[in-house]
$ cat structure10.txt   # compact mmCIF, C-alpha atoms
# COMPACT_ATOMS: atom_id res chain seq x y z
CA MET Y 42 159.23 -89.66 72.13
CA PRO Y 43 156.62 -90.63 69.49
CA ILE Y 44 157.50 -87.67 67.22
CA VAL Y 45 159.35 -88.74 64.07
CA SER Y 46 159.42 -85.40 62.25
CA ARG Y 47 158.65 -81.76 62.87
CA ARG Y 48 158.53 -78.70 60.68
CA LYS Y 49 157.93 -75.06 61.47
CA ASP Y 50 157.01 -72.78 58.65
CA LEU Y 51 156.87 -69.09 59.48
CA GLU Y 52 155.42 -68.18 56.10
CA THR Y 53 152.38 -70.40 56.37
CA ARG Y 54 152.50 -70.02 60.22
CA ARG Y 55 152.21 -73.76 60.51
CA LEU Y 56 153.61 -76.31 62.86
CA THR Y 57 153.60 -79.86 61.46
CA LEU Y 58 154.34 -82.80 63.76
CA VAL Y 59 154.38 -86.43 62.67
CA ALA Y 60 154.17 -89.12 65.34
CA GLU Y 61 154.17 -92.90 65.06
CA PHE Y 62 152.51 -95.33 67.43
CA ALA Y 63 152.43 -99.10 67.79
CA ALA Y 64 148.63 -99.09 67.97
CA ARG Y 65 146.19 -99.50 65.05
CA PRO Y 66 144.57 -96.37 63.53
CA GLU Y 67 141.22 -97.25 65.17
CA ALA Y 68 142.85 -97.28 68.61
CA VAL Y 69 144.59 -93.97 67.88
CA TRP Y 70 141.32 -92.46 66.68
CA ASP Y 71 139.58 -93.57 69.86
CA LEU Y 72 141.74 -91.18 71.90
CA TRP Y 73 140.21 -88.28 69.96
CA ALA Y 74 136.69 -89.66 69.69
CA SER Y 75 135.99 -90.45 73.35
CA PRO Y 76 135.60 -87.58 75.85
CA HIS Y 77 136.96 -89.76 78.67
CA ARG Y 78 140.06 -90.63 76.70
CA LEU Y 79 140.57 -87.02 75.62
CA GLU Y 80 140.42 -85.92 79.27
CA ARG Y 81 143.34 -88.19 80.06
CA TRP Y 82 145.86 -86.82 77.58
CA TRP Y 83 144.89 -83.32 76.39
CA GLY Y 84 146.57 -81.56 79.32
CA PRO Y 85 148.51 -79.42 80.02
CA ALA Y 86 150.48 -81.68 82.38
CA ASP Y 87 149.24 -81.44 86.01
CA PHE Y 88 145.91 -79.97 84.87
CA THR Y 89 142.62 -81.83 85.25
CA MET Y 90 140.37 -81.65 82.22
CA SER Y 91 136.57 -81.92 82.31
CA VAL Y 92 134.56 -82.16 79.12
CA GLU Y 93 131.14 -80.46 79.30
CA THR Y 94 129.90 -80.83 75.73
CA PHE Y 95 131.15 -83.37 73.22
CA GLU Y 96 129.76 -83.06 69.71
CA LEU Y 97 132.27 -84.65 67.37
CA ARG Y 98 130.50 -83.83 64.12
CA PRO Y 99 130.89 -81.06 61.52
CA GLY Y 100 129.59 -77.85 63.11
CA GLY Y 101 129.64 -79.44 66.58
CA VAL Y 102 131.33 -78.05 69.68
CA VAL Y 103 133.53 -79.74 72.25
CA ARG Y 104 133.46 -77.54 75.34
CA PHE Y 105 135.69 -78.19 78.34
CA HIS Y 106 137.71 -76.63 81.08
CA VAL Y 107 141.01 -77.49 82.70
CA VAL Y 108 141.87 -76.88 86.35
CA GLY Y 109 145.49 -76.21 87.27
CA PRO Y 110 147.38 -77.37 90.36
CA ASP Y 111 146.80 -73.96 92.02
CA GLY Y 112 143.06 -74.06 91.25
CA GLN Y 113 143.12 -71.79 88.23
CA VAL Y 114 140.41 -72.62 85.70
CA ILE Y 115 140.83 -72.20 81.94
CA ALA Y 116 137.84 -72.69 79.65
CA ALA Y 117 138.40 -73.88 76.10
CA ARG Y 118 136.56 -75.27 73.10
CA PHE Y 119 136.94 -77.08 69.80
CA ASP Y 120 134.76 -75.94 66.95
CA VAL Y 121 134.59 -79.06 64.84
CA VAL Y 122 134.94 -78.53 61.09
CA ASP Y 123 135.34 -82.05 59.69
CA VAL Y 124 135.29 -85.59 61.04
CA ALA Y 125 136.15 -88.76 59.07
CA PRO Y 126 136.82 -91.70 61.42
CA PRO Y 127 139.32 -93.18 61.81
CA GLY Y 128 141.49 -91.08 59.51
CA ALA Y 129 140.83 -87.35 59.74
CA LEU Y 130 139.73 -84.63 62.12
CA ARG Y 131 139.77 -80.87 61.69
CA PHE Y 132 138.79 -78.32 64.34
CA ASP Y 133 139.46 -74.81 65.60
CA PHE Y 134 140.89 -74.77 69.11
CA THR Y 135 140.24 -71.71 71.28
CA SER Y 136 141.38 -71.31 74.87
CA ASP Y 137 140.67 -68.40 77.29
CA GLY Y 138 142.51 -65.28 76.17
CA MET Y 139 144.38 -67.09 73.40
CA GLU Y 140 144.15 -66.87 69.64
CA THR Y 141 142.30 -69.58 67.77
CA THR Y 142 144.45 -72.33 66.29
CA ARG Y 143 143.27 -74.54 63.41
CA ILE Y 144 144.16 -78.19 64.05
CA ASP Y 145 144.29 -80.83 61.31
CA VAL Y 146 144.78 -84.42 62.37
CA SER Y 147 145.25 -87.33 59.97
CA ILE Y 148 145.85 -90.93 60.96
CA GLU Y 149 147.02 -93.69 58.62
CA GLY Y 150 148.02 -97.32 59.10
CA LEU Y 151 151.65 -98.28 58.50
CA PRO Y 152 152.47 -101.31 56.28
CA ALA Y 153 154.52 -102.91 59.07
CA GLY Y 154 151.72 -102.34 61.61
CA GLY Y 155 151.10 -99.38 63.88
CA SER Y 156 150.00 -95.94 62.74
CA ARG Y 157 151.25 -92.57 61.76
CA MET Y 158 149.46 -89.44 62.99
CA THR Y 159 150.16 -86.12 61.29
CA LEU Y 160 149.18 -83.03 63.17
CA ILE Y 161 149.16 -79.58 61.61
CA ALA Y 162 148.58 -76.56 63.86
CA THR Y 163 147.99 -73.36 61.95
CA PHE Y 164 148.65 -70.36 64.11
CA PRO Y 165 146.63 -68.19 64.47
CA SER Y 166 143.47 -67.80 62.39
CA ASP Y 167 142.38 -64.36 63.54
CA ALA Y 168 141.99 -62.15 60.45
CA VAL Y 169 144.26 -59.33 61.60
CA MET Y 170 146.99 -61.74 62.62
CA GLU Y 171 146.57 -63.69 59.43
CA HIS Y 172 147.06 -60.53 57.42
CA ALA Y 173 150.10 -59.62 59.47
CA PHE Y 174 151.55 -63.08 58.98
CA ASP Y 175 150.86 -63.06 55.26
CA ILE Y 176 152.79 -59.90 54.64
CA GLY Y 177 155.03 -59.98 57.68
CA PHE Y 178 156.54 -63.42 57.57
CA ASP Y 179 158.14 -62.99 54.17
CA ALA Y 180 161.82 -63.56 53.51
CA GLY Y 181 162.50 -60.04 54.76
CA LEU Y 182 161.24 -60.70 58.23
CA ALA Y 183 162.89 -64.11 58.40
CA ASN Y 184 166.16 -62.31 57.66
CA THR Y 185 165.43 -59.71 60.30
CA ILE Y 186 164.84 -62.43 62.88
CA GLU Y 187 168.04 -64.19 61.88
CA ARG Y 188 169.96 -60.96 62.06
CA ALA Y 189 168.48 -60.17 65.47
CA GLU Y 190 169.42 -63.61 66.73
CA ALA Y 191 172.97 -63.24 65.45
CA LEU Y 192 173.22 -59.81 67.08
CA SER Y 193 171.87 -60.89 70.44
CA SER Y 194 174.04 -64.00 70.68
CA SER Y 195 177.25 -62.16 69.77
CA MET C 120 148.71 -66.52 84.65
CA VAL C 121 145.78 -66.27 82.21
CA GLU C 122 145.99 -62.51 82.63
CA GLN C 123 149.71 -62.57 81.92
CA ARG C 124 149.17 -64.72 78.88
CA ALA C 125 146.50 -62.37 77.55
CA THR C 126 148.92 -59.45 77.99
CA ALA C 127 151.59 -61.38 76.13
CA GLU C 128 149.08 -62.07 73.34
CA ARG C 129 148.24 -58.38 73.04
CA GLN C 130 151.92 -57.52 72.95
CA ARG C 131 152.51 -60.08 70.22
CA ASP C 132 149.53 -58.78 68.30
CA ARG C 133 150.99 -55.25 68.47
CA CYS C 134 154.29 -56.67 67.18
CA PHE C 135 152.65 -58.33 64.22
CA ARG C 136 150.73 -55.22 63.31
CA ALA C 137 153.90 -53.15 63.52
CA LEU C 138 155.75 -55.65 61.34
CA ALA C 139 153.01 -55.72 58.70
CA ASP C 140 154.41 -52.57 57.05
CA PRO C 141 157.48 -52.82 54.75
CA THR C 142 158.87 -49.39 55.75
CA ARG C 143 158.68 -50.35 59.42
CA ARG C 144 160.38 -53.67 58.73
CA ASP C 145 163.13 -51.80 56.93
CA ILE C 146 163.52 -49.33 59.81
CA LEU C 147 163.69 -52.25 62.21
CA ALA C 148 166.31 -54.10 60.16
CA ARG C 149 168.48 -50.98 59.90
CA THR C 150 168.20 -50.03 63.56
CA LEU C 151 169.05 -53.58 64.62
CA GLU C 152 172.33 -53.19 62.81
CA ARG C 153 173.14 -49.81 64.31
CA GLU C 154 171.46 -46.88 66.02
CA HIS C 155 169.99 -44.29 63.63
CA SER C 156 168.71 -40.79 64.31
CA VAL C 157 165.14 -40.13 63.21
CA GLY C 158 166.52 -37.55 60.74
CA GLU C 159 168.83 -40.13 59.20
CA LEU C 160 165.91 -42.53 58.77
CA ALA C 161 163.72 -39.80 57.27
CA ASP C 162 166.34 -39.27 54.51
CA LEU C 163 166.01 -42.92 53.48
CA TYR C 164 162.34 -42.93 52.50
CA PRO C 165 160.27 -40.89 50.05
CA MET C 166 157.99 -39.57 52.77
CA SER C 167 157.79 -36.72 55.23
CA PHE C 168 159.77 -36.54 58.46
CA ALA C 169 156.46 -36.69 60.33
CA ALA C 170 155.45 -39.89 58.51
CA VAL C 171 158.74 -41.57 59.42
CA GLN C 172 158.35 -40.36 62.99
CA LYS C 173 154.93 -42.01 63.07
CA HIS C 174 156.36 -45.33 61.86
CA VAL C 175 159.00 -45.15 64.57
CA ALA C 176 156.29 -44.47 67.16
CA VAL C 177 154.38 -47.61 66.07
CA LEU C 178 157.56 -49.68 66.37
CA GLU C 179 158.25 -48.14 69.75
CA ALA C 180 154.74 -48.94 71.04
CA ALA C 181 155.35 -52.57 70.03
CA THR C 182 158.70 -52.42 71.93
CA LEU C 183 160.42 -53.43 68.69
CA VAL C 184 162.65 -50.35 68.96
CA THR C 185 163.75 -48.03 71.77
CA LYS C 186 164.30 -44.31 71.44
CA ARG C 187 166.67 -42.04 73.32
CA ALA C 188 167.31 -38.31 73.08
CA ARG C 189 170.78 -36.83 72.82
CA HIS C 190 171.20 -33.08 72.41
CA ARG C 191 168.65 -32.09 69.78
CA TYR C 192 168.45 -35.53 68.19
CA ARG C 193 166.38 -38.63 68.79
CA PHE C 194 168.12 -41.95 68.24
CA VAL C 195 166.38 -45.22 67.45
CA ARG C 196 167.68 -48.70 68.16
CA GLY C 197 166.11 -52.08 67.30
CA ASN C 198 165.25 -54.45 70.14
CA PRO C 199 166.37 -58.02 69.29
CA ASP C 200 164.46 -59.50 72.27
CA ALA C 201 161.08 -58.33 70.97
CA ILE C 202 161.77 -59.80 67.55
CA ARG C 203 162.74 -63.06 69.11
CA SER C 204 159.45 -63.24 70.99
CA VAL C 205 157.69 -63.37 67.62
CA ALA C 206 159.61 -66.49 66.63
CA GLU C 207 159.04 -67.90 70.12
CA ALA C 208 155.29 -67.91 69.58
CA LEU C 209 155.73 -70.91 67.31
CA ASP C 210 158.23 -72.55 69.67
CA GLU C 211 155.71 -72.29 72.49
CA LEU C 212 153.08 -73.99 70.36
CA GLU C 213 155.54 -76.73 69.48
CA ARG C 214 156.35 -77.43 73.14
CA ALA C 215 152.67 -77.65 74.05
CA TRP C 216 152.07 -80.24 71.32
CA GLU C 217 155.16 -82.24 72.22
CA GLY C 218 153.83 -82.69 75.74
CA ARG C 219 150.42 -83.58 74.42
CA LEU C 220 151.79 -86.26 72.09
CA GLU C 221 153.85 -87.77 74.92
CA ARG C 222 150.69 -88.14 76.98
CA PHE C 223 148.84 -89.43 73.92
CA GLU C 224 151.37 -92.25 73.57
CA ALA C 225 151.24 -93.04 77.29
CA GLU C 226 147.46 -93.33 77.05
CA LEU C 227 147.76 -95.70 74.05
CA ASP C 228 150.30 -97.81 75.95
CA GLY C 229 147.80 -98.00 78.81
CA ASP C 230 145.41 -99.71 76.35
CA ARG C 231 147.95 -102.29 75.40
CA ASN C 232 148.83 -103.12 78.99
CA THR C 233 145.14 -103.61 79.78
CA GLU C 234 144.80 -105.96 76.79
CA ASP C 235 147.88 -107.90 77.91
CA ALA C 236 146.47 -108.25 81.42
CA GLY C 237 143.12 -109.41 80.05
$ encode --input "structure10.txt" --output "structure tokens"
Amino acid sequence: MPIVSRRKDLETRRLTLVAEFAARPEAVWDLWASPHRLERWWGPADFTMSVETFELRPGGVVRFHVVGPDGQVIAARFDVVDVAPPGALRFDFTSDGMETTRIDVSIEGLPAGGSRMTLIATFPSDAVMEHAFDIGFDAGLANTIERAEALSSS
Amino acid sequence: MVEQRATAERQRDRCFRALADPTRRDILARTLEREHSVGELADLYPMSFAAVQKHVAVLEAATLVTKRARHRYRFVRGNPDAIRSVAEALDELERAWEGRLERFEAELDGDRNTEDAG
């Protein structure tokens, strides 16, 4: 498991994952910057991904679809916001029928060799949902969720 | 499956909208603790019975509470499962990214093995 730390923040509706790899930052970056490499890991597992458009530049679009084991097809896209090889990538990820998620990737070299990749997924960016999250995921709601969990497990 | 997912998204969206209001969050918190009649709830807030009824209806549409009638009264109870599904949205996202990062590492290891072979 390459993940060394994870944090979920309901208030900022963010998931932060930090992963470390033995490879250099340039090699890590290459997995994002090449459509053929991306096709091999993006997933989900058991799905085959085909990239149709690959414009890895600010304002560019990466358009692709994935085909599931039972033949189901899901179209998806990245709307690229920022690209700074080999250290930073920011895009909005939208998949069929799902809310848009903002993805921030940063890659840095480690002193002892290898690299650290930090991935922040902000969920979701739709204005209505954002508003709901802003006022909904305050301490009050966190308490409500905790209380509900305590109630349902007792 | 896509259809199901879209339905789940709509349901979640309804939940978030319902939870965006402080009175509704308070109603939810109280009815999770114990069942309240609509009349009891109406006494708690500086608003009309009809207004409280409307808040309850929004919560009910989001399946955050359930309502049952007994004699002349309507009783409201919070639904812990629906609340949990809100928190699960983030869990789901986390699982998807965990899988992705596993495959990412496997793909990087593939590089190294190729270099070793060459």
$ atom_distance --input "structure10.txt" --atom1 "atom CA of Ile144 of chain Y" --atom2 "atom CA of Gln130 of chain C"
23.8 Å
$ interface_residues --input "structure10.txt" --of "chain C" --to "chain Y" --cutoff "6 Å" --atoms "all atoms listed in the file" --output "CSV table (one decimal) with C-alpha atoms, in the frame of the given file"
chain,number,residue,atom,x,y,z
C,125,ALA,CA,146.5,-62.4,77.6
C,135,PHE,CA,152.6,-58.3,64.2
C,136,ARG,CA,150.7,-55.2,63.3
C,138,LEU,CA,155.8,-55.6,61.3
C,139,ALA,CA,153.0,-55.7,58.7
C,148,ALA,CA,166.3,-54.1,60.2
C,199,PRO,CA,166.4,-58.0,69.3
C,219,ARG,CA,150.4,-83.6,74.4
C,222,ARG,CA,150.7,-88.1,77.0
C,223,PHE,CA,148.8,-89.4,73.9
$ residues_around --input "structure10.txt" --residues "Glu67 of chain Y" --least-positions-apart "5" --cutoff "12 Å" --atoms "only C-alpha atoms" --output "list in words"
Phe62, Leu72, Trp73, Ala74, Ser75, Ala125, Pro126, Pro127, Gly128, Ala129, Ser147, Ile148, Glu149, Gly150, Gly155, Ser156, Arg157 and Met158 of chain Y; Leu227 of chain C
$ closest_residue --input "structure10.txt" --among "C:Arg143, C:Arg191, C:Glu154, C:Val184" --to "Ala170 of chain C" --atoms "only C-alpha atoms"
C:Arg143
$ atom_distance --input "structure10.txt" --atom1 "atom CA of Tyr164 of chain C" --atom2 "atom CA of Leu147 of chain C"
13.5 Å
$ atom_distance --input "structure10.txt" --atom1 "atom CA of Leu151 of chain C" --atom2 "atom CA of Ala180 of chain C"
16.4 Å
$ residues_around --input "structure10.txt" --residues "Arg149 of chain C" --least-positions-apart "6" --cutoff "9 Å" --atoms "all atoms listed in the file" --output "list in words"
His155, Leu160, Arg196 and Gly197 of chain C
$ residues_around --input "structure10.txt" --residues "Asn198 of chain C" --least-positions-apart "2" --cutoff "6 Å" --atoms "all atoms listed in the file" --output "ChimeraX atom specification"
/C:183-184,200-201
$ write_last_selection --input "structure10.txt" --atoms "C-alpha atoms" --output "PDB file, keeping the file's coordinate frame"
ATOM      1  CA  LEU C 183     160.420 -53.430  68.690  1.00  0.00           C
ATOM      2  CA  VAL C 184     162.650 -50.350  68.960  1.00  0.00           C
ATOM      3  CA  ASP C 200     164.460 -59.500  72.270  1.00  0.00           C
ATOM      4  CA  ALA C 201     161.080 -58.330  70.970  1.00  0.00           C
TER       5      ALA C 201
END
$ axis_aligned_box --input "structure10.txt" --around "segment 139-157 of chain C" --padding-each-side "4 Å" --output "lines of an AutoDock Vina configuration file"
center_x = 163.1
center_y = -47.9
center_z = 60.4
size_x = 28.1
size_y = 23.6
size_z = 19.3
$ decode --input "structure10.txt" --residues "segment 72-160 of chain Y" --atoms "C-alpha atoms" --output "PDB file, in the first residue's frame"
ATOM      1  CA  LEU Y  72       1.963   8.223 -15.390  1.00  0.00           C
ATOM      2  CA  TRP Y  73      -0.235  11.328 -15.492  1.00  0.00           C
ATOM      3  CA  ALA Y  74       1.252  12.893 -18.604  1.00  0.00           C
ATOM      4  CA  SER Y  75       0.995   9.958 -21.023  1.00  0.00           C
ATOM      5  CA  PRO Y  76      -2.444   8.795 -22.204  1.00  0.00           C
ATOM      6  CA  HIS Y  77      -1.187   5.220 -22.588  1.00  0.00           C
ATOM      7  CA  ARG Y  78       0.126   5.147 -19.050  1.00  0.00           C
ATOM      8  CA  LEU Y  79      -3.049   6.737 -17.681  1.00  0.00           C
ATOM      9  CA  GLU Y  80      -5.122   4.037 -19.395  1.00  0.00           C
ATOM     10  CA  ARG Y  81      -3.238   1.388 -17.472  1.00  0.00           C
ATOM     11  CA  TRP Y  82      -3.925   2.603 -13.948  1.00  0.00           C
ATOM     12  CA  TRP Y  83      -6.920   4.970 -13.840  1.00  0.00           C
ATOM     13  CA  GLY Y  84      -9.479   2.162 -13.530  1.00  0.00           C
ATOM     14  CA  PRO Y  85     -11.778   1.193 -11.916  1.00  0.00           C
ATOM     15  CA  ALA Y  86     -10.316  -2.312 -11.555  1.00  0.00           C
ATOM     16  CA  ASP Y  87     -11.539  -4.695 -14.309  1.00  0.00           C
ATOM     17  CA  PHE Y  88     -12.546  -1.755 -16.527  1.00  0.00           C
ATOM     18  CA  THR Y  89     -10.783  -0.979 -19.802  1.00  0.00           C
ATOM     19  CA  MET Y  90     -10.050   2.694 -20.333  1.00  0.00           C
ATOM     20  CA  SER Y  91      -9.721   4.376 -23.739  1.00  0.00           C
ATOM     21  CA  VAL Y  92      -8.539   7.954 -24.038  1.00  0.00           C
ATOM     22  CA  GLU Y  93     -10.139   9.897 -26.920  1.00  0.00           C
ATOM     23  CA  THR Y  94      -8.747  13.381 -26.376  1.00  0.00           C
ATOM     24  CA  PHE Y  95      -5.640  14.227 -24.398  1.00  0.00           C
ATOM     25  CA  GLU Y  96      -4.911  17.921 -23.933  1.00  0.00           C
ATOM     26  CA  LEU Y  97      -2.795  18.255 -20.823  1.00  0.00           C
ATOM     27  CA  ARG Y  98      -2.617  22.047 -20.752  1.00  0.00           C
ATOM     28  CA  PRO Y  99      -4.556  24.745 -18.880  1.00  0.00           C
ATOM     29  CA  GLY Y 100      -8.048  24.871 -20.402  1.00  0.00           C
ATOM     30  CA  GLY Y 101      -7.497  21.526 -22.159  1.00  0.00           C
ATOM     31  CA  VAL Y 102      -9.749  18.477 -21.973  1.00  0.00           C
ATOM     32  CA  VAL Y 103      -8.903  14.835 -21.444  1.00  0.00           C
ATOM     33  CA  ARG Y 104     -11.879  12.844 -22.701  1.00  0.00           C
ATOM     34  CA  PHE Y 105     -12.160   9.093 -22.219  1.00  0.00           C
ATOM     35  CA  HIS Y 106     -14.479   6.227 -21.554  1.00  0.00           C
ATOM     36  CA  VAL Y 107     -14.195   3.058 -19.525  1.00  0.00           C
ATOM     37  CA  VAL Y 108     -15.826  -0.259 -20.406  1.00  0.00           C
ATOM     38  CA  GLY Y 109     -16.818  -2.589 -17.593  1.00  0.00           C
ATOM     39  CA  PRO Y 110     -16.622  -6.394 -17.509  1.00  0.00           C
ATOM     40  CA  ASP Y 111     -20.339  -6.621 -18.412  1.00  0.00           C
ATOM     41  CA  GLY Y 112     -19.932  -4.203 -21.332  1.00  0.00           C
ATOM     42  CA  GLN Y 113     -21.268  -1.120 -19.609  1.00  0.00           C
ATOM     43  CA  VAL Y 114     -19.695   2.091 -20.900  1.00  0.00           C
ATOM     44  CA  ILE Y 115     -19.043   5.148 -18.721  1.00  0.00           C
ATOM     45  CA  ALA Y 116     -17.856   8.382 -20.318  1.00  0.00           C
ATOM     46  CA  ALA Y 117     -15.729  10.777 -18.302  1.00  0.00           C
ATOM     47  CA  ARG Y 118     -13.503  13.816 -18.672  1.00  0.00           C
ATOM     48  CA  PHE Y 119     -10.852  15.927 -17.003  1.00  0.00           C
ATOM     49  CA  ASP Y 120     -11.091  19.666 -17.448  1.00  0.00           C
ATOM     50  CA  VAL Y 121      -7.496  20.704 -16.961  1.00  0.00           C
ATOM     51  CA  VAL Y 122      -6.965  23.814 -14.837  1.00  0.00           C
ATOM     52  CA  ASP Y 123      -3.202  23.884 -14.234  1.00  0.00           C
ATOM     53  CA  VAL Y 124      -0.184  21.866 -15.317  1.00  0.00           C
ATOM     54  CA  ALA Y 125       3.388  22.285 -14.004  1.00  0.00           C
ATOM     55  CA  PRO Y 126       5.532  19.228 -14.859  1.00  0.00           C
ATOM     56  CA  PRO Y 127       6.781  17.319 -13.012  1.00  0.00           C
ATOM     57  CA  GLY Y 128       5.359  18.745  -9.795  1.00  0.00           C
ATOM     58  CA  ALA Y 129       1.735  19.829 -10.058  1.00  0.00           C
ATOM     59  CA  LEU Y 130      -1.515  19.074 -11.828  1.00  0.00           C
ATOM     60  CA  ARG Y 131      -5.003  20.379 -11.155  1.00  0.00           C
ATOM     61  CA  PHE Y 132      -8.170  19.291 -12.962  1.00  0.00           C
ATOM     62  CA  ASP Y 133     -11.908  18.818 -12.567  1.00  0.00           C
ATOM     63  CA  PHE Y 134     -12.978  15.203 -12.955  1.00  0.00           C
ATOM     64  CA  THR Y 135     -16.499  14.487 -14.190  1.00  0.00           C
ATOM     65  CA  SER Y 136     -17.923  11.036 -14.830  1.00  0.00           C
ATOM     66  CA  ASP Y 137     -21.380  10.101 -16.245  1.00  0.00           C
ATOM     67  CA  GLY Y 138     -24.102  10.962 -13.754  1.00  0.00           C
ATOM     68  CA  MET Y 139     -21.638  11.918 -11.026  1.00  0.00           C
ATOM     69  CA  GLU Y 140     -20.788  15.225  -9.441  1.00  0.00           C
ATOM     70  CA  THR Y 141     -17.610  16.991 -10.498  1.00  0.00           C
ATOM     71  CA  THR Y 142     -14.605  16.485  -8.234  1.00  0.00           C
ATOM     72  CA  ARG Y 143     -11.649  18.890  -8.170  1.00  0.00           C
ATOM     73  CA  ILE Y 144      -8.353  16.979  -8.109  1.00  0.00           C
ATOM     74  CA  ASP Y 145      -5.050  18.533  -7.012  1.00  0.00           C
ATOM     75  CA  VAL Y 146      -1.914  16.487  -7.497  1.00  0.00           C
ATOM     76  CA  SER Y 147       1.533  17.517  -6.287  1.00  0.00           C
ATOM     77  CA  ILE Y 148       4.695  15.469  -6.638  1.00  0.00           C
ATOM     78  CA  GLU Y 149       7.972  16.149  -4.836  1.00  0.00           C
ATOM     79  CA  GLY Y 150      11.295  14.330  -4.603  1.00  0.00           C
ATOM     80  CA  LEU Y 151      12.296  12.840  -1.242  1.00  0.00           C
ATOM     81  CA  PRO Y 152      15.809  13.520   0.157  1.00  0.00           C
ATOM     82  CA  ALA Y 153      16.502   9.786   0.466  1.00  0.00           C
ATOM     83  CA  GLY Y 154      15.314   9.156  -3.110  1.00  0.00           C
ATOM     84  CA  GLY Y 155      11.853   8.313  -4.374  1.00  0.00           C
ATOM     85  CA  SER Y 156       8.900  10.688  -4.412  1.00  0.00           C
ATOM     86  CA  ARG Y 157       5.906  11.778  -2.474  1.00  0.00           C
ATOM     87  CA  MET Y 158       2.603  12.410  -4.256  1.00  0.00           C
ATOM     88  CA  THR Y 159      -0.112  14.362  -2.471  1.00  0.00           C
ATOM     89  CA  LEU Y 160      -3.586  14.061  -3.855  1.00  0.00           C
TER      90      LEU Y 160
END
